[in-house]
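coords.txt (compact mmCIF, C-alpha atoms (C1' of nucleotides)) appears below.
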```txt
# COMPACT_ATOMS: atom_id res chain seq x y z
CA MET A 1 -22.52 2.75 -3.75
CA THR A 2 -20.65 -0.50 -3.12
CA TYR A 3 -19.54 -1.99 0.20
CA GLN A 4 -16.09 -0.84 -0.79
CA GLN A 5 -17.17 2.79 -0.84
CA THR A 6 -19.16 2.36 2.36
CA PHE A 7 -16.21 1.06 4.36
CA GLU A 8 -13.73 3.48 2.80
CA ALA A 9 -16.06 6.35 3.68
CA LEU A 10 -16.41 5.29 7.30
CA ALA A 11 -12.73 4.44 7.75
CA ASP A 12 -11.63 8.05 8.07
CA PRO A 13 -12.04 9.37 11.63
CA THR A 14 -13.07 12.87 10.61
CA ARG A 15 -15.56 11.51 8.13
CA ARG A 16 -17.05 9.16 10.68
CA ALA A 17 -17.28 12.04 13.16
CA ILE A 18 -19.23 14.00 10.56
CA PHE A 19 -21.47 11.01 9.98
CA GLU A 20 -22.01 10.66 13.73
CA LYS A 21 -22.91 14.34 13.91
CA LEU A 22 -25.68 13.69 11.37
CA ARG A 23 -26.99 10.90 13.56
CA SER A 24 -28.99 13.43 15.57
CA GLY A 25 -30.52 15.04 12.50
CA PRO A 26 -29.90 17.09 9.33
CA CYS A 27 -27.24 19.76 9.50
CA ALA A 28 -25.78 22.49 7.28
CA VAL A 29 -22.13 22.37 6.22
CA ALA A 30 -20.90 25.38 8.21
CA GLU A 31 -22.33 24.02 11.43
CA ILE A 32 -20.83 20.60 10.84
CA ALA A 33 -17.46 22.24 10.24
CA GLN A 34 -17.70 24.18 13.51
CA HIS A 35 -17.52 20.93 15.45
CA GLN A 36 -14.58 19.57 13.49
CA PRO A 37 -10.86 20.34 13.81
CA VAL A 38 -10.52 20.79 10.04
CA SER A 39 -11.38 23.53 7.56
CA ARG A 40 -14.78 23.87 5.92
CA PRO A 41 -13.53 22.82 2.48
CA ALA A 42 -12.20 19.65 4.05
CA VAL A 43 -15.67 18.97 5.42
CA SER A 44 -17.15 19.58 1.96
CA GLN A 45 -14.77 17.01 0.53
CA HIS A 46 -15.68 14.50 3.20
CA LEU A 47 -19.38 15.06 2.57
CA LYS A 48 -18.78 14.43 -1.11
CA VAL A 49 -17.22 11.06 -0.28
CA LEU A 50 -20.06 10.16 2.09
CA HIS A 51 -22.55 11.17 -0.58
CA SER A 52 -21.05 9.11 -3.37
CA ALA A 53 -20.95 6.19 -0.95
CA GLY A 54 -24.69 6.63 -0.61
CA LEU A 55 -24.47 7.33 3.10
CA VAL A 56 -25.80 10.89 3.10
CA ASP A 57 -28.25 13.04 1.17
CA ALA A 58 -28.33 16.80 0.70
CA LYS A 59 -31.21 19.25 0.52
CA GLN A 60 -30.64 22.80 -0.62
CA VAL A 61 -32.43 25.55 1.30
CA GLY A 62 -31.42 29.01 0.20
CA THR A 63 -27.65 29.14 0.23
CA ARG A 64 -27.54 26.38 2.80
CA ARG A 65 -27.17 22.68 2.13
CA TYR A 66 -28.64 20.42 4.78
CA TYR A 67 -27.00 17.02 4.86
CA SER A 68 -28.68 14.02 6.43
CA VAL A 69 -28.08 10.31 6.84
CA ARG A 70 -29.45 8.24 3.97
CA ARG A 71 -31.31 5.29 5.48
CA GLU A 72 -30.82 3.03 2.46
CA GLY A 73 -27.05 3.38 2.68
CA LEU A 74 -27.00 2.46 6.33
CA SER A 75 -29.36 -0.41 5.62
CA GLU A 76 -26.93 -1.87 3.06
CA LEU A 77 -24.14 -1.89 5.61
CA ARG A 78 -26.45 -3.44 8.16
CA LYS A 79 -27.34 -6.22 5.74
CA TRP A 80 -23.69 -7.05 5.09
CA VAL A 81 -22.83 -7.25 8.78
CA ASP A 82 -25.94 -9.27 9.56
CA SER A 83 -25.36 -11.82 6.82
CA PHE A 84 -21.75 -12.16 7.91
CA TRP A 85 -22.87 -12.57 11.49
CA THR A 86 -25.37 -15.27 10.56
CA ASP A 87 -22.74 -17.15 8.58
CA ILE A 88 -20.27 -17.07 11.43
CA LEU A 89 -22.80 -18.35 13.93
CA GLU A 90 -23.74 -21.09 11.49
CA ASN A 91 -20.14 -22.09 10.79
CA TYR A 92 -19.25 -21.97 14.45
CA ALA A 93 -22.18 -24.27 15.19
CA SER A 94 -21.09 -26.75 12.54
CA HIS A 95 -17.55 -26.56 13.84
CA ILE A 96 -18.77 -27.52 17.31
CA ARG A 97 -20.82 -30.31 15.75
CA LYS A 98 -17.71 -31.70 14.09
CA GLN A 99 -15.82 -31.55 17.38
CA MET A 100 -18.64 -33.48 19.04
CA GLU A 101 -18.66 -36.15 16.33
CA LYS A 102 -14.93 -36.48 16.67
CA TYR A 103 -15.27 -37.48 20.32
CA ASN A 104 -18.62 -39.26 20.31
CA GLY A 105 -18.21 -41.42 17.23
CA MET B 1 -9.96 -2.71 19.23
CA THR B 2 -11.84 0.50 18.55
CA TYR B 3 -14.42 1.24 15.88
CA GLN B 4 -11.67 3.18 14.20
CA GLN B 5 -9.55 0.06 13.81
CA THR B 6 -12.55 -1.99 12.76
CA PHE B 7 -13.48 0.32 9.90
CA GLU B 8 -9.89 0.90 8.83
CA ALA B 9 -9.35 -2.84 8.72
CA LEU B 10 -12.40 -3.48 6.57
CA ALA B 11 -11.80 -0.52 4.27
CA ASP B 12 -9.04 -2.21 2.30
CA PRO B 13 -10.43 -4.44 -0.48
CA THR B 14 -7.77 -7.13 -0.13
CA ARG B 15 -8.23 -7.21 3.60
CA ARG B 16 -11.98 -7.50 3.28
CA ALA B 17 -11.52 -10.28 0.74
CA ILE B 18 -9.38 -12.13 3.28
CA PHE B 19 -12.01 -11.56 5.92
CA GLU B 20 -14.71 -12.84 3.56
CA LYS B 21 -12.61 -15.91 2.89
CA LEU B 22 -12.63 -16.65 6.62
CA ARG B 23 -16.41 -16.40 6.59
CA SER B 24 -16.61 -20.04 5.54
CA GLY B 25 -14.28 -21.22 8.29
CA PRO B 26 -10.72 -21.16 9.69
CA CYS B 27 -7.87 -21.14 7.17
CA ALA B 28 -4.06 -21.19 7.14
CA VAL B 29 -2.08 -18.26 5.78
CA ALA B 30 -0.70 -19.97 2.68
CA GLU B 31 -4.12 -21.06 1.55
CA ILE B 32 -5.58 -17.61 2.08
CA ALA B 33 -2.74 -16.16 0.02
CA GLN B 34 -3.43 -18.58 -2.84
CA HIS B 35 -6.78 -16.94 -3.43
CA GLN B 36 -5.42 -13.41 -3.34
CA PRO B 37 -3.61 -11.42 -6.04
CA VAL B 38 -0.91 -10.32 -3.59
CA SER B 39 2.16 -11.95 -2.03
CA ARG B 40 2.06 -14.07 1.14
CA PRO B 41 3.87 -11.44 3.25
CA ALA B 42 1.24 -8.92 2.21
CA VAL B 43 -1.42 -11.33 3.48
CA SER B 44 0.47 -11.68 6.76
CA GLN B 45 0.47 -7.93 7.14
CA HIS B 46 -3.24 -7.75 6.45
CA LEU B 47 -3.93 -10.49 8.98
CA LYS B 48 -1.95 -8.54 11.55
CA VAL B 49 -4.17 -5.52 10.99
CA LEU B 50 -7.34 -7.63 11.20
CA HIS B 51 -6.02 -9.22 14.38
CA SER B 52 -5.21 -5.99 16.17
CA ALA B 53 -8.64 -4.74 15.15
CA GLY B 54 -10.02 -7.74 17.02
CA LEU B 55 -11.67 -9.15 13.93
CA VAL B 56 -9.71 -12.41 13.67
CA ASP B 57 -8.03 -14.94 15.94
CA ALA B 58 -5.14 -17.30 15.24
CA LYS B 59 -4.44 -20.82 16.39
CA GLN B 60 -1.03 -22.37 15.87
CA VAL B 61 -0.95 -26.02 14.72
CA GLY B 62 2.56 -27.18 13.95
CA THR B 63 4.10 -24.66 11.58
CA ARG B 64 0.67 -23.59 10.40
CA ARG B 65 -1.42 -20.74 11.76
CA TYR B 66 -5.14 -21.09 11.34
CA TYR B 67 -6.93 -17.77 11.29
CA SER B 68 -10.63 -17.47 12.02
CA VAL B 69 -13.23 -14.76 12.45
CA ARG B 70 -13.51 -13.49 16.01
CA ARG B 71 -17.20 -13.28 16.86
CA GLU B 72 -16.80 -10.57 19.49
CA GLY B 73 -15.17 -8.27 16.95
CA LEU B 74 -17.96 -8.70 14.47
CA SER B 75 -20.47 -8.25 17.26
CA GLU B 76 -19.00 -4.87 18.16
CA LEU B 77 -19.41 -3.65 14.60
CA ARG B 78 -22.94 -5.00 14.54
CA LYS B 79 -23.78 -3.08 17.71
CA TRP B 80 -22.51 0.18 16.24
CA VAL B 81 -24.52 -0.20 13.04
CA ASP B 82 -27.63 -1.27 14.92
CA SER B 83 -27.53 1.62 17.38
CA PHE B 84 -27.00 4.03 14.51
CA TRP B 85 -29.85 2.43 12.61
CA THR B 86 -32.18 2.71 15.62
CA ASP B 87 -31.33 6.39 16.06
CA ILE B 88 -32.00 7.16 12.43
CA LEU B 89 -35.36 5.41 12.45
CA GLU B 90 -36.24 7.27 15.64
CA ASN B 91 -35.30 10.63 14.15
CA TYR B 92 -37.22 9.85 11.01
CA ALA B 93 -40.29 8.91 13.07
CA SER B 94 -40.15 12.14 15.07
CA HIS B 95 -39.70 14.09 11.86
CA ILE B 96 -42.89 12.55 10.46
CA ARG B 97 -44.63 13.33 13.74
CA LYS B 98 -43.68 16.99 13.43
CA GLN B 99 -44.95 17.08 9.85
CA MET B 100 -48.28 15.64 11.00
CA GLU B 101 -48.63 18.19 13.79
CA LYS B 102 -47.90 20.95 11.33
CA TYR B 103 -50.90 20.02 9.24
CA ASN B 104 -53.29 18.69 11.89
CA GLY B 105 -52.93 21.29 14.56
C1' DT C 1 21.81 -32.76 11.59
C1' DT C 2 20.23 -31.22 7.42
C1' DT C 3 16.36 -30.00 4.41
C1' DG C 4 11.82 -28.23 3.42
C1' DT C 5 7.64 -25.88 4.75
C1' DT C 6 5.23 -22.26 7.00
C1' DG C 7 4.77 -17.65 8.19
C1' DG C 8 6.17 -13.31 10.59
C1' DT C 9 9.24 -9.06 10.16
C1' DA C 10 12.37 -5.37 7.92
C1' DA C 11 13.30 -2.00 4.61
C1' DG C 12 12.26 0.48 0.69
C1' DT C 13 9.01 2.26 -3.00
C1' DC C 14 5.03 4.07 -5.12
C1' DA C 15 0.26 5.52 -4.96
C1' DT C 16 -3.33 7.30 -2.40
C1' DT C 17 -5.50 10.65 0.40
C1' DA C 18 -6.57 14.13 3.85
C1' DC C 19 -5.42 18.53 4.39
C1' DT C 20 -4.43 23.47 3.29
C1' DT C 21 -5.22 28.12 0.78
C1' DA C 22 -7.13 30.40 -3.09
C1' DC C 23 -10.88 30.93 -5.91
C1' DC C 24 -15.57 31.11 -7.85
C1' DG C 25 -20.69 30.73 -8.25
C1' DT C 26 -25.13 31.47 -6.06
C1' DA C 27 -28.64 33.16 -3.06
C1' DA C 28 -30.23 36.67 0.39
C1' DG C 29 -30.13 41.23 2.62
C1' DT C 30 -29.25 46.27 2.39
C1' DA D 1 -26.37 47.07 -7.80
C1' DC D 2 -23.40 45.90 -3.87
C1' DT D 3 -22.18 43.17 -0.11
C1' DT D 4 -22.18 39.27 2.80
C1' DA D 5 -22.92 34.31 3.83
C1' DC D 6 -22.70 29.70 2.24
C1' DG D 7 -20.43 26.04 0.13
C1' DG D 8 -18.32 23.50 -3.80
C1' DT D 9 -13.92 22.99 -6.63
C1' DA D 10 -8.78 23.44 -7.92
C1' DA D 11 -4.06 22.86 -7.03
C1' DG D 12 -0.37 21.68 -4.28
C1' DT D 13 1.73 19.22 -0.21
C1' DA D 14 2.79 16.00 3.35
C1' DA D 15 1.68 11.77 5.49
C1' DT D 16 -0.12 7.32 5.34
C1' DG D 17 -0.27 2.73 3.76
C1' DA D 18 -0.27 -1.31 0.61
C1' DC D 19 2.90 -3.62 -1.82
C1' DT D 20 7.42 -5.80 -3.06
C1' DT D 21 11.87 -8.63 -2.06
C1' DA D 22 15.02 -10.26 1.32
C1' DC D 23 15.55 -12.30 5.50
C1' DC D 24 14.92 -15.10 9.68
C1' DA D 25 12.76 -18.28 13.24
C1' DA D 26 10.22 -22.49 14.27
C1' DC D 27 8.62 -26.87 13.57
C1' DA D 28 8.63 -31.40 10.73
C1' DA D 29 10.52 -34.91 7.88
C1' DA D 30 14.55 -37.26 5.94
```

What is this structure when it is put down as structure tokens?
Amino acid sequence: MTYQQTFEALADPTRRAIFEKLRSGPCAVAEIAQHQPVSRPAVSQHLKVLHSAGLVDAKQVGTRRYYSVRREGLSELRKWVDSFWTDILENYASHIRKQMEKYNG
Amino acid sequence: MTYQQTFEALADPTRRAIFEKLRSGPCAVAEIAQHQPVSRPAVSQHLKVLHSAGLVDAKQVGTRRYYSVRREGLSELRKWVDSFWTDILENYASHIRKQMEKYNG
DNA sequence: TTTGTTGGTAAGTCATTACTTACCGTAAGT
DNA sequence: ACTTACGGTAAGTAATGACTTACCAACAAA
């Protein structure tokens, strides 16, 4: 459940499509696979990757497994991007400041 | 400059390390390479990927090329994560609502 | 003009990975 | 008990990609 796993998980187009599908709510494997151009086992493998990255959770109901987005996983990614964003704004500001000093004394 | 390219770019650990290095400000290629366990050409290749993903910009000064984080690129990623996050919270809220209705009438 | 520094590109190699089919376990319906 | 639906795992393959060394172009200093 590191940033590494998060980005690797979301880097694959099929996997991100699956993740996007779960955006609208929990879904069983067979139904997810219906909307994808790959076989069901491939979808299972992708879900495994998403799961070990902490991005999805599964709930067994009968023979079905309902996968859903795991909020904590998404939150981690959000934190990384936000802290990066803050840093960049900060550094950009200080860069401008230096430029100003250069010309104003 | 699609989400695809963004995630692919950030999925590689070396490439993300380079990107993180640029978090603190612009930097020339040779200096970036010094802090990485790979060769300078490898760093060049990574920078090319980051650039075509719209995540970094370059500014030539003499023989040196100073790379820096491109705010718009980061902003795009931030938008994606935020919209996803909003959707998930929304879905979670409506799920709770349904649970309530189930028990309260 | 030559020499050194910086950095992008080319070509080749090795490892990773996304996919397939085949298979098996488990739960539900008849 | 038998059959059908669901879904995870195994094994093999083909493609992608991250790395290396060798090379070349551009600018700077001597």

Which residues of region 19-83 of chain A have any atom within 9 Å of an atom in region 18-24 of chain C when counting all atoms listed in the file, and what is the closest pair of atoms for each, with the distance in Å to one decimal? Order the rows by chain and rising number and write it as JSON lines.
```
{"residue": "A:Val38", "atom": "CA", "partner": "C:DC19", "partner_atom": "C1'", "distance": 7.9}
{"residue": "A:Ser39", "atom": "CA", "partner": "C:DT20", "partner_atom": "C1'", "distance": 8.2}
{"residue": "A:Ala42", "atom": "CA", "partner": "C:DC19", "partner_atom": "C1'", "distance": 6.9}
```

Worksheet item: If you count only C-alpha atoms (C1' of nucleotides), which residues fall within 9 Å of region 2-14 of chain C, apart from same-chain ones fewer than 5 positions away, as a PyMOL selection string?
Response: (chain B and resi 29-30+40-41+44-45+62-65) or (chain D and resi 19-20+22-30)

Using C-alpha atoms (C1' of nucleotides), can you write the selected residues to a file as a PDB file, in the coordinates of the input?
```
ATOM      1  CA  VAL B  29      -2.080 -18.260   5.780  1.00  0.00           C
ATOM      2  CA  ALA B  30      -0.700 -19.970   2.680  1.00  0.00           C
ATOM      3  CA  ARG B  40       2.060 -14.070   1.140  1.00  0.00           C
ATOM      4  CA  PRO B  41       3.870 -11.440   3.250  1.00  0.00           C
ATOM      5  CA  SER B  44       0.470 -11.680   6.760  1.00  0.00           C
ATOM      6  CA  GLN B  45       0.470  -7.930   7.140  1.00  0.00           C
ATOM      7  CA  GLY B  62       2.560 -27.180  13.950  1.00  0.00           C
ATOM      8  CA  THR B  63       4.100 -24.660  11.580  1.00  0.00           C
ATOM      9  CA  ARG B  64       0.670 -23.590  10.400  1.00  0.00           C
ATOM     10  CA  ARG B  65      -1.420 -20.740  11.760  1.00  0.00           C
TER      11      ARG B  65
ATOM     12  C1'  DC D  19       2.900  -3.620  -1.820  1.00  0.00           C
ATOM     13  C1'  DT D  20       7.420  -5.800  -3.060  1.00  0.00           C
ATOM     14  C1'  DA D  22      15.020 -10.260   1.320  1.00  0.00           C
ATOM     15  C1'  DC D  23      15.550 -12.300   5.500  1.00  0.00           C
ATOM     16  C1'  DC D  24      14.920 -15.100   9.680  1.00  0.00           C
ATOM     17  C1'  DA D  25      12.760 -18.280  13.240  1.00  0.00           C
ATOM     18  C1'  DA D  26      10.220 -22.490  14.270  1.00  0.00           C
ATOM     19  C1'  DC D  27       8.620 -26.870  13.570  1.00  0.00           C
ATOM     20  C1'  DA D  28       8.630 -31.400  10.730  1.00  0.00           C
ATOM     21  C1'  DA D  29      10.520 -34.910   7.880  1.00  0.00           C
ATOM     22  C1'  DA D  30      14.550 -37.260   5.940  1.00  0.00           C
TER      23       DA D  30
END
```

Quick one: chain B onto chain A, least squares on all Cα paired in order, result as a PDB file with C-alpha atoms, in the frame of the given file?
```pdb
ATOM      1  CA  MET B   1     -22.513   2.831  -3.861  1.00  0.00           C
ATOM      2  CA  THR B   2     -20.565  -0.353  -3.255  1.00  0.00           C
ATOM      3  CA  TYR B   3     -19.401  -1.858   0.017  1.00  0.00           C
ATOM      4  CA  GLN B   4     -15.986  -0.654  -1.002  1.00  0.00           C
ATOM      5  CA  GLN B   5     -17.131   2.961  -0.991  1.00  0.00           C
ATOM      6  CA  THR B   6     -19.060   2.463   2.224  1.00  0.00           C
ATOM      7  CA  PHE B   7     -16.059   1.177   4.154  1.00  0.00           C
ATOM      8  CA  GLU B   8     -13.649   3.665   2.615  1.00  0.00           C
ATOM      9  CA  ALA B   9     -15.994   6.476   3.560  1.00  0.00           C
ATOM     10  CA  LEU B  10     -16.288   5.367   7.168  1.00  0.00           C
ATOM     11  CA  ALA B  11     -12.595   4.581   7.566  1.00  0.00           C
ATOM     12  CA  ASP B  12     -11.539   8.204   7.905  1.00  0.00           C
ATOM     13  CA  PRO B  13     -11.936   9.476  11.491  1.00  0.00           C
ATOM     14  CA  THR B  14     -13.026  12.978  10.498  1.00  0.00           C
ATOM     15  CA  ARG B  15     -15.519  11.593   8.050  1.00  0.00           C
ATOM     16  CA  ARG B  16     -16.944   9.219  10.617  1.00  0.00           C
ATOM     17  CA  ALA B  17     -17.172  12.082  13.096  1.00  0.00           C
ATOM     18  CA  ILE B  18     -19.200  14.025  10.533  1.00  0.00           C
ATOM     19  CA  PHE B  19     -21.397  11.013   9.978  1.00  0.00           C
ATOM     20  CA  GLU B  20     -21.878  10.624  13.735  1.00  0.00           C
ATOM     21  CA  LYS B  21     -22.826  14.277  13.948  1.00  0.00           C
ATOM     22  CA  LEU B  22     -25.615  13.626  11.447  1.00  0.00           C
ATOM     23  CA  ARG B  23     -26.849  10.799  13.647  1.00  0.00           C
ATOM     24  CA  SER B  24     -28.833  13.302  15.695  1.00  0.00           C
ATOM     25  CA  GLY B  25     -30.447  14.888  12.652  1.00  0.00           C
ATOM     26  CA  PRO B  26     -29.912  16.952   9.475  1.00  0.00           C
ATOM     27  CA  CYS B  27     -27.292  19.707   9.624  1.00  0.00           C
ATOM     28  CA  ALA B  28     -25.871  22.445   7.387  1.00  0.00           C
ATOM     29  CA  VAL B  29     -22.249  22.375   6.277  1.00  0.00           C
ATOM     30  CA  ALA B  30     -21.042  25.370   8.280  1.00  0.00           C
ATOM     31  CA  GLU B  31     -22.409  23.984  11.500  1.00  0.00           C
ATOM     32  CA  ILE B  32     -20.869  20.583  10.887  1.00  0.00           C
ATOM     33  CA  ALA B  33     -17.533  22.278  10.249  1.00  0.00           C
ATOM     34  CA  GLN B  34     -17.750  24.191  13.536  1.00  0.00           C
ATOM     35  CA  HIS B  35     -17.509  20.945  15.451  1.00  0.00           C
ATOM     36  CA  GLN B  36     -14.582  19.620  13.452  1.00  0.00           C
ATOM     37  CA  PRO B  37     -10.868  20.430  13.730  1.00  0.00           C
ATOM     38  CA  VAL B  38     -10.567  20.907   9.964  1.00  0.00           C
ATOM     39  CA  SER B  39     -11.495  23.660   7.498  1.00  0.00           C
ATOM     40  CA  ARG B  40     -14.939  24.003   5.895  1.00  0.00           C
ATOM     41  CA  PRO B  41     -13.698  22.971   2.425  1.00  0.00           C
ATOM     42  CA  ALA B  42     -12.297  19.805   3.962  1.00  0.00           C
ATOM     43  CA  VAL B  43     -15.757  19.088   5.379  1.00  0.00           C
ATOM     44  CA  SER B  44     -17.280  19.673   1.945  1.00  0.00           C
ATOM     45  CA  GLN B  45     -14.888  17.158   0.476  1.00  0.00           C
ATOM     46  CA  HIS B  46     -15.743  14.622   3.142  1.00  0.00           C
ATOM     47  CA  LEU B  47     -19.456  15.135   2.559  1.00  0.00           C
ATOM     48  CA  LYS B  48     -18.905  14.522  -1.135  1.00  0.00           C
ATOM     49  CA  VAL B  49     -17.291  11.183  -0.355  1.00  0.00           C
ATOM     50  CA  LEU B  50     -20.091  10.228   2.052  1.00  0.00           C
ATOM     51  CA  HIS B  51     -22.634  11.234  -0.574  1.00  0.00           C
ATOM     52  CA  SER B  52     -21.157   9.206  -3.402  1.00  0.00           C
ATOM     53  CA  ALA B  53     -20.958   6.281  -0.999  1.00  0.00           C
ATOM     54  CA  GLY B  54     -24.712   6.669  -0.601  1.00  0.00           C
ATOM     55  CA  LEU B  55     -24.445   7.324   3.108  1.00  0.00           C
ATOM     56  CA  VAL B  56     -25.827  10.877   3.164  1.00  0.00           C
ATOM     57  CA  ASP B  57     -28.340  13.011   1.291  1.00  0.00           C
ATOM     58  CA  ALA B  58     -28.475  16.777   0.830  1.00  0.00           C
ATOM     59  CA  LYS B  59     -31.370  19.184   0.681  1.00  0.00           C
ATOM     60  CA  GLN B  60     -30.851  22.746  -0.480  1.00  0.00           C
ATOM     61  CA  VAL B  61     -32.676  25.483   1.478  1.00  0.00           C
ATOM     62  CA  GLY B  62     -31.695  28.940   0.317  1.00  0.00           C
ATOM     63  CA  THR B  63     -27.912  29.121   0.345  1.00  0.00           C
ATOM     64  CA  ARG B  64     -27.742  26.359   2.923  1.00  0.00           C
ATOM     65  CA  ARG B  65     -27.364  22.650   2.264  1.00  0.00           C
ATOM     66  CA  TYR B  66     -28.758  20.366   4.906  1.00  0.00           C
ATOM     67  CA  TYR B  67     -27.081  16.987   4.958  1.00  0.00           C
ATOM     68  CA  SER B  68     -28.711  13.958   6.534  1.00  0.00           C
ATOM     69  CA  VAL B  69     -28.059  10.254   6.910  1.00  0.00           C
ATOM     70  CA  ARG B  70     -29.437   8.182   4.051  1.00  0.00           C
ATOM     71  CA  ARG B  71     -31.199   5.183   5.562  1.00  0.00           C
ATOM     72  CA  GLU B  72     -30.750   2.947   2.525  1.00  0.00           C
ATOM     73  CA  GLY B  73     -26.984   3.384   2.694  1.00  0.00           C
ATOM     74  CA  LEU B  74     -26.832   2.423   6.323  1.00  0.00           C
ATOM     75  CA  SER B  75     -29.159  -0.473   5.624  1.00  0.00           C
ATOM     76  CA  GLU B  76     -26.787  -1.865   3.011  1.00  0.00           C
ATOM     77  CA  LEU B  77     -23.927  -1.877   5.491  1.00  0.00           C
ATOM     78  CA  ARG B  78     -26.167  -3.493   8.072  1.00  0.00           C
ATOM     79  CA  LYS B  79     -27.066  -6.261   5.628  1.00  0.00           C
ATOM     80  CA  TRP B  80     -23.414  -7.013   4.919  1.00  0.00           C
ATOM     81  CA  VAL B  81     -22.496  -7.239   8.597  1.00  0.00           C
ATOM     82  CA  ASP B  82     -25.560  -9.315   9.408  1.00  0.00           C
ATOM     83  CA  SER B  83     -24.994 -11.828   6.619  1.00  0.00           C
ATOM     84  CA  PHE B  84     -21.367 -12.142   7.653  1.00  0.00           C
ATOM     85  CA  TRP B  85     -22.408 -12.569  11.262  1.00  0.00           C
ATOM     86  CA  THR B  86     -24.919 -15.294  10.347  1.00  0.00           C
ATOM     87  CA  ASP B  87     -22.292 -17.180   8.348  1.00  0.00           C
ATOM     88  CA  ILE B  88     -19.803 -17.067  11.178  1.00  0.00           C
ATOM     89  CA  LEU B  89     -22.307 -18.330  13.725  1.00  0.00           C
ATOM     90  CA  GLU B  90     -23.275 -21.094  11.310  1.00  0.00           C
ATOM     91  CA  ASN B  91     -19.666 -22.137  10.780  1.00  0.00           C
ATOM     92  CA  TYR B  92     -19.030 -22.062  14.487  1.00  0.00           C
ATOM     93  CA  ALA B  93     -22.097 -24.246  15.101  1.00  0.00           C
ATOM     94  CA  SER B  94     -20.999 -26.811  12.519  1.00  0.00           C
ATOM     95  CA  HIS B  95     -17.517 -26.786  13.997  1.00  0.00           C
ATOM     96  CA  ILE B  96     -18.948 -27.641  17.422  1.00  0.00           C
ATOM     97  CA  ARG B  97     -21.051 -30.349  15.796  1.00  0.00           C
ATOM     98  CA  LYS B  98     -17.944 -31.928  14.296  1.00  0.00           C
ATOM     99  CA  GLN B  99     -16.188 -31.819  17.664  1.00  0.00           C
ATOM    100  CA  MET B 100     -19.150 -33.596  19.262  1.00  0.00           C
ATOM    101  CA  GLU B 101     -19.192 -36.308  16.606  1.00  0.00           C
ATOM    102  CA  LYS B 102     -15.493 -36.827  17.107  1.00  0.00           C
ATOM    103  CA  TYR B 103     -16.007 -37.732  20.733  1.00  0.00           C
ATOM    104  CA  ASN B 104     -19.448 -39.361  20.630  1.00  0.00           C
ATOM    105  CA  GLY B 105     -19.115 -41.567  17.623  1.00  0.00           C
TER     106      GLY B 105
END
```

Worksheet item: Using all atoms listed in the file, which residues sit within 10 Å of Lys79 (chain B) once same-chain residues fewer than 5 positions away are excluded, as a ChimeraX atom specification?
Response: /A:78,81 /B:74,84-85

Item to complete: Do me a favour and pick out the residues of chain D within 12 Å of chain A, using only C-alpha atoms (C1' of nucleotides), as a PyMOL selection string.
Response: chain D and resi 4-10+16
